[in-house]
Amino acid sequence: MKPRTPPKVKAQPKPVALTADEIALVRSLVIYEDADIMALNKPSGLSSQGGRGQINTLDELLWAFAKPGKARPRLIHRLDRDTSGVILTAKTKPAASFLGKHMMGRRFAKTYQAIVTPGAPEPAGGVIEAALRREEAGREAYMRVCAADHPDAETALTRYRTLAKGAGAALVEANPQTGRMHQIRVHLASIGRPIAGDARYGGALMAGGHPVPRLMLHAAALSFPHPAGGTKTITAETPADMQSLIEVLGLAGNTAQA
């Protein structure tokens, strides 16, 4: 009898050595935690995974929460490097499996806020349903609107509404119904209202005479089935730099809380 080949053991990720400052940083980002999950308010400029250079990604920073004999928290979804806001992790394998299944089943409701230029979308609210395809240029990847019958087309749908408008800018809430890369950024640009600071997709670097320091896109809220039952909603405070721009552009008065 031919000896049975032993099953391959999946390689476990190696712990990452973190500095005291990195540990303090990632601990300061936690906005909710229970026995199953932990949510963080990711700052703009921090890659979720797969970052380049010497700076650790959020995925690597999660080693700060590793405990002997237990898995470290694992990311359930990702945000673009320059997008801030709610990002969810699972603290156990069963929780990760449960959340992953429901995310694939589109049971997660995501609410984003964005500052767009040169004004409010027309109409002020509605649905953007435009197929997207991935395009690569060197080491950079982009998403482009394309015909629905394009061989590389991916269906994409985003609901949006204007929360406030001022001279040359508006605060928009966006709810992606699909999870395509850069979806909100490309969809808003496709209706002539690119997100301020989004140089990749035509966003203005000045708004109302004020400099825009970065991509003004924030994952404000996340609702999802909780492993222990029921639906959980987690909100993340708007970053100071984005809130300052909202106020200086006169968009704060009519802001709806996500």
# chains A, B, ... in the order shown; residues from 1 in each chain; ligands from 1
$ residues_around --residues "Ala39 in chain A" --least-positions-apart "3" --cutoff "10 Å" --atoms "only C-alpha atoms" --output "count of residues only"
19
$ residues_around --residues "Thr233 in chain A" --least-positions-apart "3" --cutoff "7 Å" --atoms "only C-alpha atoms" --output "VMD selection string"
chain A and resid 221 to 224
$ residues_around --residues "Thr178 in chain A" --least-positions-apart "6" --cutoff "12 Å" --atoms "only C-alpha atoms" --output "PyMOL selection string"
chain A and resi 103-110+128-132+154-159+184+187
$ write_last_selection --atoms "N, CA and C atoms" --output "PDB file, in the first residue's frame"
ATOM      1  N   MET A 103     -20.422  38.860   4.956  1.00  0.00           N
ATOM      2  CA  MET A 103     -19.923  39.925   4.086  1.00  0.00           C
ATOM      3  C   MET A 103     -20.038  39.500   2.626  1.00  0.00           C
ATOM      4  N   MET A 104     -19.685  38.248   2.323  1.00  0.00           N
ATOM      5  CA  MET A 104     -19.816  37.746   0.960  1.00  0.00           C
ATOM      6  C   MET A 104     -21.282  37.722   0.524  1.00  0.00           C
ATOM      7  N   GLY A 105     -22.176  37.537   1.496  1.00  0.00           N
ATOM      8  CA  GLY A 105     -23.609  37.535   1.208  1.00  0.00           C
ATOM      9  C   GLY A 105     -24.199  38.936   1.177  1.00  0.00           C
ATOM     10  N   ARG A 106     -23.334  39.948   1.220  1.00  0.00           N
ATOM     11  CA  ARG A 106     -23.741  41.361   1.155  1.00  0.00           C
ATOM     12  C   ARG A 106     -24.709  41.727   2.279  1.00  0.00           C
ATOM     13  N   ARG A 107     -24.391  41.253   3.476  1.00  0.00           N
ATOM     14  CA  ARG A 107     -25.185  41.602   4.646  1.00  0.00           C
ATOM     15  C   ARG A 107     -24.575  42.769   5.419  1.00  0.00           C
ATOM     16  N   PHE A 108     -23.458  43.293   4.933  1.00  0.00           N
ATOM     17  CA  PHE A 108     -22.817  44.441   5.563  1.00  0.00           C
ATOM     18  C   PHE A 108     -23.350  45.722   4.909  1.00  0.00           C
ATOM     19  N   ALA A 109     -23.719  46.700   5.719  1.00  0.00           N
ATOM     20  CA  ALA A 109     -24.159  47.997   5.203  1.00  0.00           C
ATOM     21  C   ALA A 109     -23.090  49.031   5.552  1.00  0.00           C
ATOM     22  N   LYS A 110     -22.501  49.636   4.528  1.00  0.00           N
ATOM     23  CA  LYS A 110     -21.405  50.580   4.728  1.00  0.00           C
ATOM     24  C   LYS A 110     -21.861  51.993   4.386  1.00  0.00           C
ATOM     25  N   ILE A 128     -25.965  55.341  -8.572  1.00  0.00           N
ATOM     26  CA  ILE A 128     -25.004  55.258  -9.668  1.00  0.00           C
ATOM     27  C   ILE A 128     -24.782  53.772  -9.939  1.00  0.00           C
ATOM     28  N   GLU A 129     -25.184  53.342 -11.112  1.00  0.00           N
ATOM     29  CA  GLU A 129     -25.011  51.940 -11.490  1.00  0.00           C
ATOM     30  C   GLU A 129     -24.194  51.906 -12.769  1.00  0.00           C
ATOM     31  N   ALA A 130     -22.892  51.772 -12.605  1.00  0.00           N
ATOM     32  CA  ALA A 130     -21.979  51.779 -13.744  1.00  0.00           C
ATOM     33  C   ALA A 130     -20.940  50.679 -13.536  1.00  0.00           C
ATOM     34  N   ALA A 131     -20.822  49.814 -14.530  1.00  0.00           N
ATOM     35  CA  ALA A 131     -19.857  48.717 -14.440  1.00  0.00           C
ATOM     36  C   ALA A 131     -18.435  49.265 -14.401  1.00  0.00           C
ATOM     37  N   LEU A 132     -17.557  48.544 -13.736  1.00  0.00           N
ATOM     38  CA  LEU A 132     -16.165  48.949 -13.598  1.00  0.00           C
ATOM     39  C   LEU A 132     -15.242  47.842 -14.079  1.00  0.00           C
ATOM     40  N   GLU A 154     -17.202  44.492 -14.113  1.00  0.00           N
ATOM     41  CA  GLU A 154     -17.719  44.050 -12.823  1.00  0.00           C
ATOM     42  C   GLU A 154     -18.893  44.968 -12.474  1.00  0.00           C
ATOM     43  N   THR A 155     -20.028  44.379 -12.146  1.00  0.00           N
ATOM     44  CA  THR A 155     -21.183  45.197 -11.796  1.00  0.00           C
ATOM     45  C   THR A 155     -20.877  46.006 -10.537  1.00  0.00           C
ATOM     46  N   ALA A 156     -21.380  47.227 -10.489  1.00  0.00           N
ATOM     47  CA  ALA A 156     -21.135  48.087  -9.334  1.00  0.00           C
ATOM     48  C   ALA A 156     -22.306  49.042  -9.168  1.00  0.00           C
ATOM     49  N   LEU A 157     -22.740  49.209  -7.920  1.00  0.00           N
ATOM     50  CA  LEU A 157     -23.888  50.070  -7.631  1.00  0.00           C
ATOM     51  C   LEU A 157     -23.625  50.839  -6.343  1.00  0.00           C
ATOM     52  N   THR A 158     -23.825  52.147  -6.398  1.00  0.00           N
ATOM     53  CA  THR A 158     -23.627  53.021  -5.236  1.00  0.00           C
ATOM     54  C   THR A 158     -24.836  53.931  -5.070  1.00  0.00           C
ATOM     55  N   ARG A 159     -25.409  53.952  -3.881  1.00  0.00           N
ATOM     56  CA  ARG A 159     -26.460  54.910  -3.559  1.00  0.00           C
ATOM     57  C   ARG A 159     -25.800  56.126  -2.896  1.00  0.00           C
ATOM     58  N   ILE A 184     -16.519  53.942  -4.837  1.00  0.00           N
ATOM     59  CA  ILE A 184     -17.136  55.240  -4.567  1.00  0.00           C
ATOM     60  C   ILE A 184     -16.373  56.343  -5.279  1.00  0.00           C
ATOM     61  N   HIS A 187     -17.186  56.119  -9.058  1.00  0.00           N
ATOM     62  CA  HIS A 187     -18.583  56.428  -9.336  1.00  0.00           C
ATOM     63  C   HIS A 187     -18.876  57.914  -9.171  1.00  0.00           C
TER      64      HIS A 187
END
$ closest_residue --among "A:Val145, A:Ala219, A:Val116, A:Ala228" --to "Ala207 in chain A" --atoms "only C-alpha atoms"
A:Val116
$ select_by_dssp --residues "range 27-234 of chain A" --states "alpha helix (DSSP H)" --output "count of residues only"
26
$ residues_around --residues "Ala199 in chain A" --least-positions-apart "2" --cutoff "12 Å" --atoms "only C-alpha atoms" --output "PyMOL selection string"
chain A and resi 82+142+185-186+189+194-197+201-206+212-216
$ write_last_selection --atoms "C-alpha atoms" --output "CSV table (one decimal), in the first residue's frame"
chain,number,residue,atom,x,y,z
A,82,ASP,CA,-6.0,57.1,2.1
A,142,TYR,CA,-7.0,51.9,-11.4
A,185,ARG,CA,-14.2,57.3,-5.9
A,186,VAL,CA,-14.8,56.2,-9.5
A,189,ALA,CA,-16.0,61.1,-10.5
A,194,PRO,CA,-14.8,63.6,-7.9
A,195,ILE,CA,-13.8,63.4,-4.2
A,196,ALA,CA,-11.7,66.3,-3.1
A,197,GLY,CA,-8.0,65.4,-2.8
A,201,TYR,CA,-9.5,60.2,-10.3
A,202,GLY,CA,-9.5,64.0,-10.9
A,203,GLY,CA,-10.3,65.3,-7.4
A,204,ALA,CA,-9.4,69.0,-6.7
A,205,LEU,CA,-6.4,69.7,-4.5
A,206,MET,CA,-8.0,73.1,-3.6
A,212,VAL,CA,-7.1,69.7,0.5
A,213,PRO,CA,-4.4,67.7,2.2
A,214,ARG,CA,-5.6,64.2,1.2
A,215,LEU,CA,-8.5,62.1,-0.1
A,216,MET,CA,-11.6,63.3,1.7
$ select_by_dssp --residues "range 44-186 of chain A" --states "strand (DSSP E)" --output "VMD selection string"
chain A and resid 74 to 75 84 to 90 109 to 116 125 to 129 132 to 137 140 to 145 157 to 166 169 to 176
$ closest_residue --among "A:Leu245, A:Asp80, A:Leu58, A:Gly229" --to "Phe98 in chain A" --atoms "only C-alpha atoms"
A:Gly229
$ residues_around --residues "Pro151 in chain A" --least-positions-apart "4" --cutoff "10 Å" --atoms "only C-alpha atoms" --output "CSV table (one decimal) with all heavy atoms, in the first residue's frame"
chain,number,residue,atom,x,y,z
A,133,ARG,N,-14.1,48.2,-14.5
A,133,ARG,CA,-13.0,47.3,-14.9
A,133,ARG,C,-11.7,47.7,-14.4
A,133,ARG,O,-11.5,48.9,-14.2
A,133,ARG,CB,-13.0,47.1,-16.4
A,133,ARG,CG,-12.5,48.3,-17.2
A,133,ARG,CD,-12.4,48.0,-18.7
A,133,ARG,NE,-12.0,49.1,-19.4
A,133,ARG,CZ,-10.7,49.5,-19.6
A,133,ARG,NH1,-9.7,48.8,-19.1
A,133,ARG,NH2,-10.4,50.6,-20.3
A,146,CYS,N,-16.9,51.2,-17.5
A,146,CYS,CA,-16.9,50.5,-18.8
A,146,CYS,C,-18.3,50.1,-19.1
A,146,CYS,O,-19.2,50.1,-18.3
A,146,CYS,CB,-15.9,49.4,-18.8
A,146,CYS,SG,-16.4,48.0,-17.7
A,147,ALA,N,-18.5,49.6,-20.4
A,147,ALA,CA,-19.8,49.0,-20.8
A,147,ALA,C,-20.0,47.8,-20.0
A,147,ALA,O,-19.1,47.0,-19.7
A,147,ALA,CB,-19.7,48.8,-22.3
$ closest_residue --among "A:His226, A:Arg139, A:His218, A:Lys70" --to "Pro239 in chain A" --atoms "only C-alpha atoms"
A:His218
$ atom_distance --atom1 "CA of Leu249 in chain A" --atom2 "CA of Ile115 in chain A"
9.7 Å
$ atom_distance --atom1 "CA of Ala95 in chain A" --atom2 "CA of Thr57 in chain A"
22.1 Å
$ residues_around --residues "range 18-27 of chain A" --least-positions-apart "3" --cutoff "10 Å" --atoms "only C-alpha atoms" --output "VMD selection string"
chain A and resid 15 30 to 31 40 to 42 55 to 56 58 60 to 65
$ atom_distance --atom1 "CA of Gly168 in chain A" --atom2 "CA of Gly209 in chain A"
9.5 Å
